[in-house]
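To start, the structure under review is shown below, and the notes come after it.
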Amino acid sequence: MERKKTAGRRKIPLVKIEKDADRYSTFSKRCFGLYKKASELVRENDVDLGIVLTSPTDKTYAFVHPTSTAVIDRFMNLKTDFSDQIVAENSRNKVNQLNDRLNELDKRGKIVKGRLLALSEMNKNREKNRWEFIDQLNTDEIMKFQAWLDVGEVMLKDQLPEASSSLQSPPEDANI
């Protein structure tokens with residue numbers, strides 16, 4: 001007796017995407033995914049790799065590591081000279097450094113998004129319950145709030161003489 005799987009991944013037949021906009025979007029997403037996988041393959045296995053794609057709009061995209069010459073020479077099984085090997089190794093190192101930097105920036109981006117979300121939520125809560133919320137502030141937040149109030153007080157004191165001088169009695173010839 002043969003059982004069919006009902007959960008998990010299913011094999012979906014590949015068919016041409018008819019709508020142009022859907023096809024372009026799918027190409028863009030899959031191209032990005034392919035580049036990401038190629039980058040991981042290069043970084044984890046220290047291999048030479050070349051990918052050339054032509055989009056549905058006839059634009060050409062390429063992913064080559066470390067250099068196109070090194071990849072083609074490997075593919076053609078030709079010997080590369082020493083200078084090409086040095087260039088290839090330098091390119092490999094630079095790509096690895098850039099990948100590390102990109103991963104670090106991705107991590108920082110996720111942290112920043114999380115903080116922005118938390119700050120946005122805090123602002124919503126502050127506007128709803130501004131005075132009730134003060135009781136829930138920690139020491140650092142209280143110090144910042146106090147500094148904000150102090151700055152506001154100084155600004156008001158600076159503007160007070162200007163405001164009182166503009167409130168003087170009107171000139172005698174003014175029609176009241």
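We name chains A, B, ... following the order of the structure tokens; residues begin at 1 in each chain, and ligands are numbered from 1 as shown.
On the backbone of this structure, DSSP gives strand (DSSP E) within region 48-165 of chain A to Leu49, Gly50, Ile51, Val52, Leu53, Thr54, Thr60, Tyr61, Ala62, Phe63, Val64 and His65 of chain A.
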Selected residues written out, C-alpha atoms, as a short mmCIF file (atom, residue, chain, number, x, y, z; two decimals), in the first residue's frame:
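out05.cif, freshly written:
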```cif
data_model
loop_
_atom_site.label_atom_id
_atom_site.label_comp_id
_atom_site.auth_asym_id
_atom_site.auth_seq_id
_atom_site.Cartn_x
_atom_site.Cartn_y
_atom_site.Cartn_z
CA LEU A 49 32.33 30.33 -9.68
CA GLY A 50 30.73 31.99 -12.68
CA ILE A 51 27.04 32.53 -13.43
CA VAL A 52 25.69 34.43 -16.45
CA LEU A 53 21.96 35.16 -16.76
CA THR A 54 19.87 36.96 -19.35
CA THR A 60 22.64 40.38 -18.84
CA TYR A 61 23.59 39.67 -15.24
CA ALA A 62 26.76 37.92 -14.07
CA PHE A 63 28.20 36.63 -10.83
CA VAL A 64 31.90 35.77 -11.12
CA HIS A 65 34.33 34.89 -8.38
#
```
- Message: Let me make sure I understand: among A:Asp58, A:Asn99, A:Ser91, A:Ala21, which one has the smallest atom-to-atom distance to Glu44 (chain A) if we use only C-alpha atoms?
- Response: A:Asn99
- Message: Env of Lys16 (chain A): 12 Å cut, atoms = only C-alpha atoms, seq-sep filter 6 positions within chain, self excluded. Answer as a PyMOL selection string.
- Response: chain A and resi 22-24+26-27+56
Please write the residues from the selection above to a file, keeping N, CA, C and O atoms, as an mmCIF file, in the first residue's frame.
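Output contents, as saved in again.cif:
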```cif
data_model
loop_
_atom_site.group_PDB
_atom_site.id
_atom_site.type_symbol
_atom_site.label_atom_id
_atom_site.label_comp_id
_atom_site.auth_asym_id
_atom_site.auth_seq_id
_atom_site.Cartn_x
_atom_site.Cartn_y
_atom_site.Cartn_z
ATOM 1 N N ASP A 22 4.657 39.452 -13.648
ATOM 2 C CA ASP A 22 4.933 38.360 -12.715
ATOM 3 C C ASP A 22 6.257 37.679 -13.054
ATOM 4 O O ASP A 22 7.022 37.309 -12.171
ATOM 5 N N ARG A 23 6.515 37.499 -14.346
ATOM 6 C CA ARG A 23 7.742 36.851 -14.793
ATOM 7 C C ARG A 23 8.957 37.698 -14.406
ATOM 8 O O ARG A 23 9.965 37.195 -13.917
ATOM 9 N N TYR A 24 8.893 39.032 -14.612
ATOM 10 C CA TYR A 24 10.004 39.919 -14.267
ATOM 11 C C TYR A 24 10.254 39.900 -12.759
ATOM 12 O O TYR A 24 11.399 39.838 -12.307
ATOM 13 N N THR A 26 9.436 37.522 -10.586
ATOM 14 C CA THR A 26 9.960 36.224 -10.196
ATOM 15 C C THR A 26 11.432 36.101 -10.572
ATOM 16 O O THR A 26 12.243 35.600 -9.790
ATOM 17 N N PHE A 27 11.784 36.577 -11.758
ATOM 18 C CA PHE A 27 13.187 36.536 -12.186
ATOM 19 C C PHE A 27 14.054 37.326 -11.205
ATOM 20 O O PHE A 27 15.104 36.855 -10.772
ATOM 21 N N PRO A 56 14.344 38.364 -18.766
ATOM 22 C CA PRO A 56 13.288 38.417 -19.784
ATOM 23 C C PRO A 56 13.303 39.729 -20.575
ATOM 24 O O PRO A 56 12.753 39.796 -21.659
#
```
- Identify, on the basis of only C-alpha atoms, every residue whose closest approach to Val95 (chain A) does not exceed 10 Å; exclude the query and any residue fewer than 4 positions from it along the same chain; express the result as a list in words. Ser39, Val42, Arg43, His65, Pro66, Glu89, Asn90, Ser91, Asn99, Asp100 and Arg101 of chain A
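CA of Phe32 (chain A) to CA of Leu105 (chain A) spans 17.4 Å [interatomic distance, one decimal].
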